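Structure below is data-v1.cif: mmCIF, C-alpha atoms and all ligand atoms.
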data_entry
#
loop_
_atom_site.label_atom_id
_atom_site.label_comp_id
_atom_site.auth_asym_id
_atom_site.auth_seq_id
_atom_site.Cartn_x
_atom_site.Cartn_y
_atom_site.Cartn_z
CA MET A 1 10.75 62.11 -16.34
CA SER A 2 13.06 64.66 -17.91
CA ILE A 3 15.55 63.57 -20.57
CA GLY A 4 18.45 63.94 -18.12
CA GLU A 5 16.75 61.74 -15.52
CA ASN A 6 15.87 59.19 -18.19
CA LYS A 7 19.47 58.99 -19.28
CA LEU A 8 20.59 58.52 -15.72
CA VAL A 9 18.13 55.69 -15.05
CA ILE A 10 19.21 53.94 -18.25
CA GLY A 11 22.83 54.55 -17.31
CA ILE A 12 22.37 52.97 -13.87
CA ILE A 13 20.49 49.97 -15.32
CA LEU A 14 23.24 49.46 -17.89
CA GLY A 15 25.86 49.90 -15.18
CA ALA A 16 24.25 47.20 -13.03
CA LEU A 17 23.81 44.78 -15.97
CA LEU A 18 27.33 45.36 -17.22
CA GLY A 19 28.61 44.89 -13.67
CA ILE A 20 26.82 41.52 -13.42
CA PHE A 21 28.14 40.46 -16.82
CA CYS A 22 31.75 41.52 -16.18
CA GLY A 23 31.86 40.19 -12.60
CA TRP A 24 30.31 36.92 -13.73
CA SER A 25 32.62 36.44 -16.74
CA PHE A 26 35.93 37.97 -15.70
CA GLY A 27 35.87 37.11 -11.99
CA GLU A 28 38.73 38.37 -9.89
CA SER A 29 40.26 40.62 -12.51
CA MET A 30 37.34 43.01 -11.93
CA LEU A 31 38.64 43.70 -8.43
CA SER A 32 41.08 46.17 -9.91
CA LEU A 33 38.10 48.46 -10.61
CA SER A 34 36.62 48.24 -7.13
CA TRP A 35 38.09 51.60 -6.12
CA LEU A 36 35.58 53.34 -8.40
CA GLY A 37 32.69 51.83 -6.48
CA ASP A 38 34.35 52.65 -3.16
CA LEU A 39 34.70 56.25 -4.27
CA PHE A 40 31.00 56.44 -5.11
CA LEU A 41 30.00 54.78 -1.85
CA ASP A 42 32.25 57.03 0.22
CA ALA A 43 30.89 60.13 -1.51
CA LEU A 44 27.35 59.05 -0.60
CA LYS A 45 28.33 58.19 2.96
CA MET A 46 30.04 61.57 3.30
CA MET A 47 26.62 63.18 2.74
CA ILE A 48 24.63 61.17 5.27
CA VAL A 49 25.30 62.89 8.60
CA PRO A 50 25.07 66.55 7.49
CA LEU A 51 22.07 65.66 5.33
CA ILE A 52 20.18 63.99 8.16
CA VAL A 53 20.98 66.77 10.62
CA GLY A 54 19.80 69.48 8.22
CA ALA A 55 16.78 67.51 7.02
CA ILE A 56 15.38 66.42 10.37
CA ILE A 57 15.90 69.69 12.21
CA SER A 58 14.44 71.78 9.40
CA GLY A 59 11.70 69.17 8.84
CA VAL A 60 10.64 69.20 12.49
CA THR A 61 10.74 72.99 12.80
CA SER A 62 8.65 73.32 9.64
CA LEU A 63 5.87 71.44 11.43
CA GLY A 64 5.69 74.45 13.72
CA ASP A 65 4.29 72.86 16.83
CA VAL A 66 5.65 69.95 18.89
CA ARG A 67 2.18 68.43 19.17
CA ARG A 68 2.03 68.01 15.39
CA LEU A 69 5.31 66.15 15.60
CA GLY A 70 3.66 63.58 17.86
CA LYS A 71 0.75 63.12 15.49
CA VAL A 72 2.85 62.82 12.36
CA GLY A 73 5.34 60.61 14.18
CA GLY A 74 2.43 58.38 15.17
CA TYR A 75 1.24 58.02 11.57
CA THR A 76 4.77 57.33 10.39
CA LEU A 77 5.39 54.62 12.97
CA LEU A 78 2.00 53.09 12.23
CA TYR A 79 2.85 52.90 8.52
CA TYR A 80 6.23 51.33 9.27
CA ALA A 81 4.76 48.81 11.69
CA MET A 82 1.92 47.78 9.37
CA THR A 83 4.04 47.36 6.25
CA THR A 84 6.80 45.52 8.10
CA ALA A 85 4.19 43.17 9.59
CA CYS A 86 2.77 42.54 6.08
CA ALA A 87 6.27 41.74 4.83
CA VAL A 88 6.90 39.18 7.57
CA LEU A 89 3.50 37.65 6.94
CA ILE A 90 4.21 37.28 3.22
CA GLY A 91 7.53 35.64 4.10
CA LEU A 92 5.93 33.20 6.54
CA ILE A 93 3.13 32.24 4.14
CA LEU A 94 5.54 31.55 1.27
CA VAL A 95 8.05 29.62 3.35
CA ASN A 96 5.26 27.41 4.70
CA ILE A 97 3.95 26.71 1.22
CA ILE A 98 7.24 26.22 -0.61
CA GLN A 99 9.15 24.60 2.29
CA PRO A 100 12.59 25.35 0.80
CA GLY A 101 14.48 23.90 3.76
CA VAL A 102 13.07 20.40 3.45
CA SER A 103 15.20 19.62 0.41
CA ALA A 104 18.21 21.72 1.52
CA ASN A 105 21.70 20.41 1.24
CA LEU A 106 23.17 20.70 4.76
CA GLU A 107 26.67 19.94 3.51
CA THR A 108 26.97 23.51 2.27
CA GLU A 109 27.63 24.68 5.84
CA ILE A 110 30.28 27.32 6.20
CA THR A 111 31.82 28.72 9.34
CA THR A 112 29.74 31.48 10.95
CA GLU A 113 32.40 32.74 13.30
CA PRO A 114 32.85 36.15 11.68
CA ILE A 115 29.16 36.84 12.21
CA LEU A 116 28.81 35.38 15.65
CA GLU A 117 31.75 37.42 16.83
CA ARG A 118 30.55 40.65 15.34
CA GLU A 119 28.24 41.96 18.02
CA ASN A 120 25.88 41.09 20.77
CA VAL A 121 22.33 41.87 19.79
CA GLY A 122 19.25 41.78 21.98
CA LEU A 123 16.19 43.88 22.71
CA SER A 124 17.93 45.93 25.39
CA GLU A 125 20.82 46.67 22.99
CA LEU A 126 18.30 47.86 20.45
CA ILE A 127 16.74 50.29 22.90
CA LYS A 128 20.11 51.43 24.22
CA SER A 129 21.25 52.22 20.70
CA LEU A 130 18.71 55.07 20.56
CA ILE A 131 20.91 57.26 22.75
CA SER A 132 24.61 57.88 22.45
CA PRO A 133 26.57 59.44 25.32
CA ASN A 134 28.65 61.26 22.73
CA ILE A 135 26.85 62.56 19.68
CA ILE A 136 30.10 63.47 17.93
CA HIS A 137 31.30 59.90 18.35
CA ALA A 138 27.99 58.62 16.95
CA ALA A 139 28.34 60.95 13.97
CA SER A 140 31.91 59.91 13.30
CA ASN A 141 30.79 56.26 13.25
CA THR A 142 27.66 56.99 11.19
CA GLN A 143 25.44 55.61 13.96
CA LEU A 144 22.25 57.11 12.66
CA LEU A 145 19.66 56.25 15.32
CA PRO A 146 21.15 58.41 18.11
CA ILE A 147 21.70 61.24 15.63
CA ILE A 148 18.07 61.06 14.54
CA VAL A 149 16.83 61.02 18.13
CA PHE A 150 19.06 63.99 18.97
CA CYS A 151 17.89 65.97 15.93
CA LEU A 152 14.21 65.22 16.62
CA LEU A 153 14.63 66.49 20.19
CA PHE A 154 16.70 69.47 19.08
CA GLY A 155 14.11 70.43 16.43
CA ALA A 156 11.24 69.97 18.90
CA ALA A 157 13.00 72.14 21.50
CA LEU A 158 13.70 74.77 18.87
CA THR A 159 10.00 75.16 18.13
CA THR A 160 9.27 75.86 21.80
CA ILE A 161 11.73 78.71 22.39
CA GLY A 162 10.67 82.32 21.91
CA LYS A 163 11.48 84.68 19.00
CA ASN A 164 15.13 84.91 17.90
CA LYS A 165 15.14 81.36 16.51
CA LYS A 166 14.71 82.33 12.85
CA SER A 167 18.40 82.50 12.05
CA ILE A 168 19.17 79.04 13.44
CA ILE A 169 16.19 77.53 11.61
CA ASN A 170 17.31 79.20 8.38
CA PHE A 171 20.77 77.78 8.89
CA PHE A 172 19.46 74.20 8.97
CA ASP A 173 17.09 74.83 6.06
CA GLU A 174 19.95 76.06 3.95
CA LEU A 175 22.30 73.30 5.09
CA ASN A 176 19.72 70.87 3.79
CA GLU A 177 19.42 72.67 0.44
CA VAL A 178 23.18 72.63 -0.06
CA MET A 179 23.42 68.94 0.78
CA MET A 180 20.69 68.11 -1.73
CA LYS A 181 22.58 70.00 -4.40
CA LEU A 182 25.73 68.01 -3.66
CA VAL A 183 23.75 64.78 -3.85
CA MET A 184 22.55 65.67 -7.34
CA TRP A 185 26.13 66.10 -8.42
CA ILE A 186 27.16 62.76 -6.94
CA MET A 187 24.20 61.10 -8.63
CA LEU A 188 25.76 61.77 -12.03
CA PHE A 189 28.47 59.34 -11.04
CA ALA A 190 25.97 56.58 -10.16
CA PRO A 191 26.17 54.48 -13.38
CA ILE A 192 29.93 53.99 -12.99
CA GLY A 193 29.65 53.56 -9.23
CA VAL A 194 26.92 50.91 -9.48
CA PHE A 195 28.81 49.11 -12.26
CA SER A 196 31.97 48.91 -10.17
CA LEU A 197 30.20 47.92 -6.95
CA VAL A 198 28.28 45.09 -8.62
CA ALA A 199 31.21 43.84 -10.73
CA SER A 200 33.63 43.79 -7.80
CA GLN A 201 31.15 42.02 -5.52
CA PHE A 202 30.62 39.31 -8.14
CA ALA A 203 34.38 39.11 -8.51
CA ARG A 204 34.93 38.87 -4.75
CA VAL A 205 32.81 35.73 -4.53
CA GLY A 206 34.79 34.13 -7.33
CA GLY A 207 32.82 34.93 -10.50
CA GLY A 208 30.01 33.13 -12.32
CA GLU A 209 30.89 29.49 -11.69
CA ASN A 210 31.03 29.95 -7.92
CA ILE A 211 27.79 31.90 -7.87
CA LYS A 212 26.09 29.20 -9.93
CA ALA A 213 27.24 26.56 -7.44
CA GLU A 214 25.93 28.64 -4.53
CA LEU A 215 22.60 29.18 -6.25
CA ILE A 216 22.20 25.48 -6.94
CA ALA A 217 22.95 24.62 -3.30
CA VAL A 218 20.22 26.85 -1.87
CA GLY A 219 18.17 27.48 -5.01
CA SER A 220 14.69 27.08 -3.59
CA TYR A 221 15.55 29.24 -0.56
CA PHE A 222 16.83 31.93 -2.92
CA PHE A 223 13.71 31.63 -5.03
CA THR A 224 11.41 31.87 -1.99
CA VAL A 225 13.08 35.09 -0.76
CA ILE A 226 13.02 36.68 -4.21
CA LEU A 227 9.37 35.74 -4.73
CA GLY A 228 8.49 37.18 -1.30
CA LEU A 229 10.35 40.40 -2.03
CA LEU A 230 8.57 40.71 -5.36
CA CYS A 231 5.14 40.20 -3.75
CA HIS A 232 5.93 42.82 -1.13
CA PHE A 233 7.24 45.24 -3.72
CA LEU A 234 3.92 44.94 -5.57
CA LEU A 235 1.93 45.25 -2.35
CA LEU A 236 3.76 48.50 -1.58
CA PHE A 237 2.89 49.69 -5.06
CA LEU A 238 -0.76 48.95 -4.35
CA ILE A 239 -0.54 50.84 -1.05
CA LEU A 240 0.96 53.77 -2.96
CA ILE A 241 -1.90 53.80 -5.45
CA ILE A 242 -4.60 53.48 -2.79
CA PHE A 243 -3.29 55.72 -0.01
CA SER A 244 -1.36 58.45 -1.79
CA THR A 245 -1.88 60.92 -4.57
CA HIS A 246 1.04 59.48 -6.54
CA GLY A 247 0.95 56.74 -9.15
CA LYS A 248 3.30 54.74 -11.35
CA GLN A 249 5.28 57.89 -12.23
CA TYR A 250 6.51 57.79 -8.65
CA LEU A 251 8.03 54.36 -9.12
CA LEU A 252 9.80 55.54 -12.27
CA LYS A 253 11.16 58.60 -10.45
CA LEU A 254 12.42 56.46 -7.60
CA LEU A 255 14.11 53.91 -9.87
CA ARG A 256 17.49 55.62 -9.55
CA ALA A 257 17.39 55.22 -5.79
CA ILE A 258 16.09 51.64 -5.95
CA LEU A 259 18.83 50.62 -8.38
CA THR A 260 21.47 52.36 -6.30
CA ALA A 261 20.19 50.45 -3.27
CA PHE A 262 20.79 47.27 -5.27
CA GLY A 263 24.28 48.49 -6.14
CA THR A 264 25.33 49.58 -2.65
CA ALA A 265 23.35 47.10 -0.48
CA SER A 266 22.95 49.96 1.97
CA SER A 267 19.77 51.95 2.63
CA SER A 268 21.75 54.52 4.62
CA ALA A 269 24.20 55.16 1.80
CA THR A 270 21.28 55.38 -0.63
CA LEU A 271 19.34 57.80 1.60
CA PRO A 272 20.69 60.97 -0.03
CA LEU A 273 19.53 59.71 -3.44
CA THR A 274 16.18 58.53 -2.10
CA MET A 275 15.51 61.99 -0.68
CA SER A 276 16.58 63.72 -3.85
CA CYS A 277 14.41 61.45 -6.07
CA ALA A 278 11.38 61.84 -3.78
CA ILE A 279 11.66 65.64 -3.88
CA GLU A 280 11.96 65.54 -7.67
CA ALA A 281 8.89 63.31 -7.77
CA GLY A 282 6.98 66.13 -6.12
CA ILE A 283 6.66 64.80 -2.56
CA ASP A 284 6.32 67.63 -0.08
CA LYS A 285 9.70 68.42 1.46
CA LYS A 286 8.36 68.13 5.00
CA SER A 287 7.44 64.52 4.36
CA VAL A 288 10.76 63.75 2.68
CA LYS A 289 12.80 65.28 5.50
CA PHE A 290 10.82 63.64 8.23
CA VAL A 291 9.86 60.21 6.90
CA LEU A 292 12.86 59.13 4.81
CA PRO A 293 15.78 59.50 7.27
CA ILE A 294 13.82 57.67 9.97
CA GLY A 295 12.67 55.08 7.44
CA ALA A 296 16.17 54.39 6.15
CA THR A 297 17.20 53.59 9.71
CA ILE A 298 14.30 51.65 11.18
CA ASN A 299 11.91 50.65 8.38
CA MET A 300 13.21 47.56 6.63
CA ASP A 301 10.45 45.54 5.06
CA GLY A 302 12.76 43.52 2.84
CA THR A 303 15.00 42.63 5.76
CA ALA A 304 12.05 41.57 7.93
CA LEU A 305 10.66 39.34 5.19
CA TYR A 306 14.06 37.82 4.55
CA GLU A 307 14.69 37.13 8.25
CA ALA A 308 11.39 35.30 8.63
CA ILE A 309 12.09 33.11 5.59
CA ALA A 310 15.71 32.49 6.55
CA VAL A 311 14.88 31.38 10.09
CA MET A 312 12.11 29.07 8.92
CA PHE A 313 14.45 27.69 6.26
CA ILE A 314 17.07 26.89 8.89
CA ALA A 315 14.46 25.17 11.06
CA GLN A 316 13.20 23.12 8.11
CA ALA A 317 16.74 22.14 7.14
CA TYR A 318 17.43 20.92 10.69
CA GLY A 319 14.11 19.09 10.66
CA ILE A 320 12.82 21.14 13.62
CA ASN A 321 9.09 21.78 13.52
CA MET A 322 7.99 25.39 13.99
CA GLY A 323 4.40 25.39 15.27
CA ALA A 324 1.96 28.29 15.46
CA THR A 325 3.47 29.67 18.69
CA GLU A 326 7.00 29.62 17.32
CA GLN A 327 5.83 31.32 14.16
CA VAL A 328 4.16 34.07 16.17
CA ILE A 329 7.48 34.53 17.99
CA ILE A 330 9.26 34.66 14.63
CA PHE A 331 6.70 37.19 13.43
CA ILE A 332 7.37 39.53 16.37
CA THR A 333 11.13 39.10 16.61
CA ALA A 334 11.73 39.37 12.85
CA THR A 335 9.94 42.72 12.94
CA LEU A 336 12.10 43.88 15.87
CA ALA A 337 15.27 42.50 14.31
CA ALA A 338 14.59 44.43 11.10
CA ILE A 339 14.08 47.63 13.10
CA GLY A 340 17.39 47.00 14.83
CA ALA A 341 19.33 46.31 11.63
CA ALA A 342 21.46 49.21 10.50
CA GLY A 343 21.14 50.33 6.89
CA ILE A 344 24.46 48.81 5.94
CA PRO A 345 25.41 45.68 3.95
CA GLN A 346 24.37 42.40 5.56
CA ALA A 347 23.27 43.98 8.84
CA GLY A 348 20.17 41.79 8.74
CA LEU A 349 22.30 38.70 9.00
CA VAL A 350 23.57 39.84 12.40
CA THR A 351 20.22 40.86 13.88
CA MET A 352 18.80 37.52 12.72
CA LEU A 353 20.47 36.06 15.80
CA ILE A 354 17.66 37.65 17.85
CA VAL A 355 15.10 35.59 15.93
CA LEU A 356 17.13 32.38 16.04
CA ASN A 357 17.66 32.77 19.80
CA ALA A 358 13.98 33.45 20.40
CA VAL A 359 12.94 30.13 18.90
CA ASN A 360 15.94 28.20 20.22
CA LEU A 361 17.54 27.47 16.89
CA PRO A 362 21.32 27.09 16.68
CA ALA A 363 23.08 30.26 15.53
CA GLU A 364 25.33 28.07 13.38
CA GLY A 365 22.34 27.57 11.07
CA ILE A 366 23.28 30.92 9.53
CA GLY A 367 26.14 29.07 7.87
CA MET A 368 23.69 27.52 5.42
CA ILE A 369 22.60 30.83 3.99
CA LEU A 370 25.78 32.81 4.39
CA ALA A 371 27.27 32.16 0.97
CA ILE A 372 24.39 33.67 -0.96
CA ASP A 373 23.50 36.42 1.48
CA TRP A 374 25.43 39.18 -0.28
CA LEU A 375 23.16 38.76 -3.32
CA LEU A 376 19.88 38.58 -1.42
CA ASP A 377 21.05 41.61 0.56
CA ARG A 378 20.97 43.70 -2.60
CA PHE A 379 17.42 42.71 -3.44
CA ARG A 380 16.12 43.24 0.08
CA THR A 381 17.84 46.63 0.34
CA ALA A 382 16.05 47.69 -2.86
CA VAL A 383 12.73 46.71 -1.24
CA ASN A 384 13.71 48.53 1.98
CA VAL A 385 14.28 51.74 0.03
CA TRP A 386 11.03 51.31 -1.91
CA GLY A 387 9.16 50.80 1.40
CA ASP A 388 10.57 54.06 2.80
CA SER A 389 9.75 55.94 -0.38
CA VAL A 390 6.15 54.73 -0.44
CA GLY A 391 5.99 55.81 3.22
CA ALA A 392 6.94 59.37 2.30
CA ALA A 393 4.14 59.43 -0.29
CA VAL A 394 1.54 57.91 2.04
CA ILE A 395 2.36 60.17 5.02
CA GLU A 396 2.45 63.31 2.85
CA PRO A 397 -1.29 64.07 2.88
CA HIS A 398 -1.42 63.65 6.69
CA LEU A 399 1.51 66.02 7.09
CA LEU A 400 -0.12 68.66 4.93
CA LYS A 401 -3.40 68.26 6.79
CA SER A 402 -2.04 68.34 10.34
N1 LIG B 501 21.55 45.94 3.70
C1 LIG B 501 20.25 46.23 4.25
C2 LIG B 501 19.98 47.72 4.17
O1 LIG B 501 20.89 48.50 4.17
C3 LIG B 501 20.12 45.74 5.66
C4 LIG B 501 20.12 44.22 5.67
O2 LIG B 501 19.05 43.62 5.46
O3 LIG B 501 21.16 43.61 5.85
O4 LIG B 501 18.85 48.12 4.09
#
Since I need it in another form, could you write the structure as structure tokens?
Amino acid sequence: MSIGENKLVIGIILGALLGIFCGWSFGESMLSLSWLGDLFLDALKMMIVPLIVGAIISGVTSLGDVRRLGKVGGYTLLYYAMTTACAVLIGLILVNIIQPGVSANLETEITTEPILERENVGLSELIKSLISPNIIHAASNTQLLPIIVFCLLFGAALTTIGKNKKSIINFFDELNEVMMKLVMWIMLFAPIGVFSLVASQFARVGGGENIKAELIAVGSYFFTVILGLLCHFLLLFLILIIFSTHGKQYLLKLLRAILTAFGTASSSATLPLTMSCAIEAGIDKKSVKFVLPIGATINMDGTALYEAIAVMFIAQAYGINMGATEQVIIFITATLAAIGAAGIPQAGLVTMLIVLNAVNLPAEGIGMILAIDWLLDRFRTAVNVWGDSVGAAVIEPHLLKS
């Protein structure tokens, strides 16, 4: 890593630690600094739509032929499906061994109304969300899936038309270059942004004493999720070593994005940084442009793992036995629910309703894990971003070959 990058990583780590310390110790008074974090988050969000449009269209056209798109798309989806399945499996194994729900304190229940009212989620909604009748509306609401689908189709169509397409392809190539430059500028602001985001979130939940009480109430659940996320993080590292040409340097290069994911709790908002770090780490641009935007939207290993553990925890706390069949259902629906979760804070909590419904558990069970979710969200988002990044490294050789 260059000296500048090193400084930035250290800055972000210090920002996060200082944020935890200040939010923990000074509680609500830290809220007065929350605008700094909002500014950072908004600047990142401002990048997302133009970045994705430029990246995907220029990424697809650089493949040259629509048939290659199918092949590469196939590899990418296979990687996502396999790693997400591994994540759910790790979650299920750990939750069966540790059984965190058996000793849970049910009196910690909190109202779930805000979540239950938020949106109706089901398989058909997931599929419908791929297409938006109004792409401008989707863009103005940062609904990424329909934008991605549109750009994939647009790029594919562009490769099939005759000559005279050079200028339009150049336009999207250059749009992407400019956006990446802007992202590098915003990145300089990351240490302060992460500090403010973390400190104000800790402050919002009432500072250290409240967090301690929450952790004690669902301690073994918290521990099970963190352990699962750690195992999956290491598994992804192993996959990186075995299936790509990149090694531990890659993890170091990606640290800025992973830490920002922790700070923002949003894989979508982190996407610009993830792309920038992956390019700096030497990943071929085609892979970065193609794999990362799709990954940030549909590949959420951390979320899938968390959903499996959370649902099993709720069942254990209610004393409801989940047999092999139910666990297979959890396995499938947790994978789908993670795909359906948007890359925004606590989206996984909403799509978890799909899993709870599938195994007939009461949606109110979410109340037990609500209080601590904001913290787990940060850890699982970091794993989500790491999963996407490893994907870009693993798909790279196939892209270059095809
Ligand atoms: N916050 C997560 C993300 O953006 C989604 C979730 O699990 O809630 O990746």
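Nearest to ligand LIG 501 (chain B) of all the residues A:Met368, A:Ile330, A:Leu336, A:Ala265 is A:Ala265, based on all atoms listed in the file.
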Selected residue of minimal separation from ligand LIG 501 (chain B) among A:Arg204, A:Ala261, A:Pro293, A:Met312, counting only C-alpha atoms and all ligand atoms: A:Ala261
Chain A residues near ligand LIG 501 (chain B) within 7 Å, closest pair each, using all atoms listed in the file, as a tab-separated table:
residue	atom	partner	partner_atom	distance
A:Ala265	CA	B:LIG501	N1	4.7
A:Ser266	CA	B:LIG501	O1	3.3
A:Ser267	CA	B:LIG501	O1	3.9
A:Ser268	CA	B:LIG501	O1	6.1
A:Met300	CA	B:LIG501	O4	6.2
A:Gly302	CA	B:LIG501	O2	6.8
A:Thr303	CA	B:LIG501	O2	4.2
A:Ala341	CA	B:LIG501	C3	6.0
A:Ala342	CA	B:LIG501	C3	6.1
A:Gly343	CA	B:LIG501	O1	3.3
A:Ile344	CA	B:LIG501	O1	4.0
A:Pro345	CA	B:LIG501	N1	3.9
A:Gln346	CA	B:LIG501	O3	3.4
A:Ala347	CA	B:LIG501	O3	3.7
A:Gly348	CA	B:LIG501	O3	3.6
A:Leu349	CA	B:LIG501	O3	5.9
A:Asp377	CA	B:LIG501	N1	5.4
A:Arg378	CA	B:LIG501	N1	6.7
A:Arg380	CA	B:LIG501	O2	6.1
A:Thr381	CA	B:LIG501	O4	4.2
A:Asn384	CA	B:LIG501	O4	5.6
Answer as a ChimeraX atom specification, residues within 10 Å of (10.5, 48.3, 5.0) using all atoms listed in the file: /A:79-87,232-233,236,295-305,335,338-339,380-391
Point (14.6, 31.6, -3.5) neighbourhood (10 Å, only C-alpha atoms) written as a ChimeraX atom specification: /A:95,98,100,215,218-229,309,376
Residues within 12 Å of segment 393-399 of chain A, only C-alpha atoms, excluding chain neighbours under 2 positions, as a ChimeraX atom specification: /A:59-60,62-64,68-80,83,236-247,250-251,254,275,277-279,281-292,295,386-391,401-402
Gap from atom CA of Ile13 of chain A to atom CA of Pro191 of chain A - Å, one decimal: 7.5 Å
